[in-house]
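K.L.:
Before anything else, here's the structure in question.
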Amino acid sequence: MTSRRSFLKNSGLALGAAALPVVAQSTNKQKTVLLNCGWATKNIGDIGHTPGTLRFLEQYLPEAKVILWAANTNEQVDAMLMKRFPKLEIVKGGVTKPGPVRDAMNRSDFFLRGPGMGQPTDFMVNCNKMGKPWGLQGQSYFPDMVTGKDAEKRIALLNTAAFIYCRDSKTLKLLQDVGVKPPVLEFGPDGCFGVDVRDEEKALARMKKHGLEEKKFITIQLRTHSPTSPGVDDKRPQKLNPLHPTPENIADDTRRAKVYQDLIAMWVKETGYKVVIAPEVRKEMEYNKKFVYDPLPDDLKKHVVNFDEFWNVDEACSFYARAHTVICHEPHTPIMALAMGTPMMHTFSEFHSPKCWMFKDIGLEEWAPEFDATPAEKMFEILMGIHKDYPAAEAKVKKAMAYVEERAQSQMNVLKSVIQA
């Protein structure tokens, strides 16, 4: 994989505004970007994509009007977004029939697909029919996006993008290897890295409720083979969230949970600090209690807090800002921690998608151990490396986030050049 230094040297867009020619405004009319994002509310990672991407747009493209086409939000999420982005317009619904989304499409100058584990192509077809330029921000793909039946059609559609920013180097190489060649195809951060929403009041109240002291607790969460919603099976061929876990699935969950239990025991014994089982995904609250918390011995449980209520991303960010280190089998909790300046560890399983490589791509490979290849003792060694020189760990976070910002600014400059052309 190209190093970050080589990437920056060889990329004509990597230095942000300085790397692009100044494009004069062809008209005084305010340009409008329609952002399609907000995939779910039962996962704070899916929630976090939206305010993070909006922050990048606000900071690096402040002259543009932004409309959010929210795929799935609720009253609480909408209120959080409007509080942070009071000029934001939110539309909901479908694009196939007349309505607010179709109207927003007609009024927009550019369609931006937000971060995610993408596979749909219908929005590409719609944009091309309308003559609407479009691009992808922070995308990951499984190989079947560009292989198998109708792969050539999907590749042809990807080639009609104004730009594609992949949030992981593995997806980037996948697209390059099959000949995807839009005008810009580069690495660009997941939008969640831009998150800055906070709810200090709720986070502090939660800490007080559980007797937690700032920087004297770590957080942890396991990703299990379990259904996203009760009674709903995963229709994807990968079956990441099976309705009926196999014996092998259950064995995986049990084995990985034991690694976390051993890590918890070593951490508490060494430091005396607490551990919080903090959810990224609502469905994991039940299964983390079952697999991680319940089997712990009683003398260890008194040092472990198992959250019994879900939260929004703003409260989570305020909470993670006060954590010592954030550890998670999911990727977006560690991303939020980094955005708050907090060290993290992503104990990944690549089976869940190539997005796990995001941390390696921003220089944090040491903090991203592969779950099944890393015993608890090694995870503890990584954690204690952070603990024993915490200022150095914070400096490492700062360096990685500076690179993230550089790439985000570069992408927004490309977007600016497209909508002003």
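Chain labels follow the order of the structure tokens: the first chain is A, the next B, and so on; residue numbering restarts at 1 in every chain, and ligands are counted from 1 in their shown order.
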Give me, as a tab-separated table, each residue of region 23-140 of chain A that comes within 8 Å of region 192-202 of chain A, together with its shortest interatomic pair and the distance in Å at one decimal, counting only C-alpha atoms, with rows ordered by chain and rising residue number.

P.N.:
residue	atom	partner	partner_atom	distance
A:Gly45	CA	A:Cys192	CA	7.2
A:Gly48	CA	A:Cys192	CA	5.2
A:His49	CA	A:Cys192	CA	4.3
A:Thr50	CA	A:Cys192	CA	7.2
A:Pro51	CA	A:Val195	CA	5.6
A:Gly52	CA	A:Val195	CA	3.7
A:Thr53	CA	A:Gly194	CA	6.1
A:Arg55	CA	A:Gly194	CA	6.0
A:Phe56	CA	A:Gly194	CA	6.1
A:Met80	CA	A:Val197	CA	7.8
A:Arg84	CA	A:Val197	CA	6.9

K.L.:
Of the residues A:Thr32, A:Asn306, A:Ser140, A:Ser417, which is the one nearest to Leu68 (chain A), using only C-alpha atoms?

P.N.:
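Distance minimum relative to Leu68 (chain A) lands on A:Thr32.
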
K.L.:
Which of region 251-352 of chain A end up as alpha helix (DSSP H) when DSSP is run on this backbone - answer as a ChimeraX atom specification?

P.N.:
/A:251-271,284-288,298-301,313-320,332-339

K.L.:
Residues as selected, N, CA and C atoms, written as a tab-separated table (two decimals), in the first residue's frame, can you do that?

P.N.:
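Result file follows (part.tsv):
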chain	number	residue	atom	x	y	z
A	251	ALA	N	-19.75	-19.83	18.70
A	251	ALA	CA	-18.39	-20.12	19.20
A	251	ALA	C	-17.47	-18.93	19.01
A	252	ASP	N	-17.60	-18.25	17.86
A	252	ASP	CA	-16.81	-17.03	17.62
A	252	ASP	C	-17.10	-15.98	18.69
A	253	ASP	N	-18.38	-15.75	18.93
A	253	ASP	CA	-18.78	-14.72	19.90
A	253	ASP	C	-18.26	-15.05	21.30
A	254	THR	N	-18.38	-16.32	21.67
A	254	THR	CA	-17.95	-16.75	23.01
A	254	THR	C	-16.44	-16.60	23.17
A	255	ARG	N	-15.69	-17.01	22.15
A	255	ARG	CA	-14.23	-16.94	22.19
A	255	ARG	C	-13.75	-15.49	22.25
A	256	ARG	N	-14.34	-14.64	21.42
A	256	ARG	CA	-13.93	-13.24	21.42
A	256	ARG	C	-14.31	-12.55	22.72
A	257	ALA	N	-15.48	-12.89	23.25
A	257	ALA	CA	-15.90	-12.32	24.53
A	257	ALA	C	-14.91	-12.67	25.63
A	258	LYS	N	-14.39	-13.90	25.59
A	258	LYS	CA	-13.41	-14.32	26.60
A	258	LYS	C	-12.14	-13.49	26.52
A	259	VAL	N	-11.74	-13.13	25.32
A	259	VAL	CA	-10.57	-12.26	25.15
A	259	VAL	C	-10.82	-10.92	25.83
A	260	TYR	N	-12.01	-10.35	25.61
A	260	TYR	CA	-12.35	-9.08	26.27
A	260	TYR	C	-12.42	-9.25	27.78
A	261	GLN	N	-12.97	-10.37	28.26
A	261	GLN	CA	-13.05	-10.60	29.71
A	261	GLN	C	-11.64	-10.63	30.32
A	262	ASP	N	-10.72	-11.31	29.65
A	262	ASP	CA	-9.35	-11.38	30.15
A	262	ASP	C	-8.68	-10.01	30.12
A	263	LEU	N	-8.96	-9.24	29.05
A	263	LEU	CA	-8.41	-7.89	28.95
A	263	LEU	C	-8.94	-7.01	30.08
A	264	ILE	N	-10.23	-7.11	30.36
A	264	ILE	CA	-10.84	-6.36	31.45
A	264	ILE	C	-10.17	-6.70	32.78
A	265	ALA	N	-9.97	-8.00	33.02
A	265	ALA	CA	-9.38	-8.44	34.29
A	265	ALA	C	-7.96	-7.90	34.45
A	266	MET	N	-7.18	-7.95	33.39
A	266	MET	CA	-5.79	-7.45	33.45
A	266	MET	C	-5.76	-5.94	33.69
A	267	TRP	N	-6.66	-5.22	33.02
A	267	TRP	CA	-6.71	-3.76	33.15
A	267	TRP	C	-7.08	-3.35	34.58
A	268	VAL	N	-8.11	-3.97	35.11
A	268	VAL	CA	-8.57	-3.63	36.46
A	268	VAL	C	-7.49	-3.97	37.49
A	269	LYS	N	-6.87	-5.13	37.35
A	269	LYS	CA	-5.82	-5.55	38.29
A	269	LYS	C	-4.63	-4.59	38.26
A	270	GLU	N	-4.25	-4.14	37.06
A	270	GLU	CA	-3.07	-3.29	36.92
A	270	GLU	C	-3.32	-1.86	37.34
A	271	THR	N	-4.50	-1.32	37.01
A	271	THR	CA	-4.74	0.12	37.21
A	271	THR	C	-5.77	0.44	38.29
A	284	GLU	N	-26.44	-4.67	20.23
A	284	GLU	CA	-25.34	-5.31	20.95
A	284	GLU	C	-25.45	-5.17	22.46
A	285	MET	N	-26.34	-4.32	22.94
A	285	MET	CA	-26.49	-4.17	24.39
A	285	MET	C	-26.90	-5.50	25.03
A	286	GLU	N	-27.86	-6.16	24.42
A	286	GLU	CA	-28.31	-7.46	24.92
A	286	GLU	C	-27.22	-8.51	24.86
A	287	TYR	N	-26.51	-8.55	23.73
A	287	TYR	CA	-25.54	-9.62	23.52
A	287	TYR	C	-24.23	-9.37	24.25
A	288	ASN	N	-23.85	-8.12	24.43
A	288	ASN	CA	-22.64	-7.85	25.23
A	288	ASN	C	-22.87	-8.19	26.69
A	298	ASP	N	-18.04	-12.05	40.22
A	298	ASP	CA	-18.66	-10.95	40.96
A	298	ASP	C	-17.63	-9.91	41.43
A	299	ASP	N	-16.44	-10.35	41.82
A	299	ASP	CA	-15.46	-9.40	42.31
A	299	ASP	C	-14.93	-8.50	41.20
A	300	LEU	N	-15.09	-8.93	39.94
A	300	LEU	CA	-14.69	-8.10	38.80
A	300	LEU	C	-15.84	-7.23	38.33
A	301	LYS	N	-17.07	-7.74	38.44
A	301	LYS	CA	-18.24	-6.99	37.99
A	301	LYS	C	-18.36	-5.63	38.68
A	313	VAL	N	-25.35	10.15	19.44
A	313	VAL	CA	-23.93	10.34	19.16
A	313	VAL	C	-23.35	11.54	19.90
A	314	ASP	N	-24.15	12.58	20.17
A	314	ASP	CA	-23.60	13.76	20.85
A	314	ASP	C	-23.22	13.44	22.30
A	315	GLU	N	-24.07	12.68	22.98
A	315	GLU	CA	-23.73	12.26	24.33
A	315	GLU	C	-22.52	11.32	24.31
A	316	ALA	N	-22.50	10.40	23.36
A	316	ALA	CA	-21.38	9.47	23.26
A	316	ALA	C	-20.06	10.21	23.06
A	317	CYS	N	-20.06	11.23	22.21
A	317	CYS	CA	-18.83	11.98	21.96
A	317	CYS	C	-18.35	12.69	23.23
A	318	SER	N	-19.26	13.30	23.96
A	318	SER	CA	-18.89	13.96	25.22
A	318	SER	C	-18.35	12.94	26.22
A	319	PHE	N	-18.91	11.74	26.20
A	319	PHE	CA	-18.48	10.68	27.10
A	319	PHE	C	-17.09	10.16	26.69
A	320	TYR	N	-16.91	9.91	25.40
A	320	TYR	CA	-15.62	9.40	24.91
A	320	TYR	C	-14.50	10.41	25.10
A	332	HIS	N	-16.70	2.67	14.36
A	332	HIS	CA	-17.05	4.09	14.47
A	332	HIS	C	-16.94	4.65	15.88
A	333	THR	N	-17.05	3.80	16.89
A	333	THR	CA	-16.76	4.27	18.24
A	333	THR	C	-15.30	4.73	18.35
A	334	PRO	N	-14.32	3.95	17.85
A	334	PRO	CA	-12.94	4.46	17.84
A	334	PRO	C	-12.77	5.74	17.02
A	335	ILE	N	-13.51	5.86	15.92
A	335	ILE	CA	-13.43	7.09	15.13
A	335	ILE	C	-13.90	8.30	15.96
A	336	MET	N	-15.03	8.13	16.66
A	336	MET	CA	-15.54	9.22	17.50
A	336	MET	C	-14.54	9.57	18.59
A	337	ALA	N	-13.89	8.54	19.16
A	337	ALA	CA	-12.88	8.79	20.18
A	337	ALA	C	-11.76	9.65	19.61
A	338	LEU	N	-11.26	9.30	18.43
A	338	LEU	CA	-10.19	10.07	17.80
A	338	LEU	C	-10.62	11.51	17.54
A	339	ALA	N	-11.86	11.68	17.09
A	339	ALA	CA	-12.38	13.03	16.85
A	339	ALA	C	-12.42	13.86	18.12

K.L.:
I need the strand (DSSP E or B) residues of region 119-176 of chain A per DSSP on the backbone, written as a PyMOL selection string.

P.N.:
chain A and resi 134-140+163-166

K.L.:
Restricting the calculation to only C-alpha atoms: of A:Leu158, A:Met401, A:Ala395, A:Leu222, which residue gets closest to Pro331 (chain A)?

P.N.:
A:Leu222

K.L.:
To one decimal place in Å, what is the distance between CA of Tyr390 (chain A) and CA of Val275 (chain A)?

P.N.:
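Between these atoms lies a distance of 17.5 Å.
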
K.L.:
One number please: CA of Glu58 (chain A) to CA of Ala321 (chain A), in Å, one decimal.

P.N.:
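A separation of 22.4 Å between them.
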
K.L.:
Provide the CA of Val304 (chain A) to CA of Val276 (chain A) distance in Å, to one decimal place.

P.N.:
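So the two atoms, CA of Val304 (chain A) and CA of Val276 (chain A), lie 5.8 Å apart.
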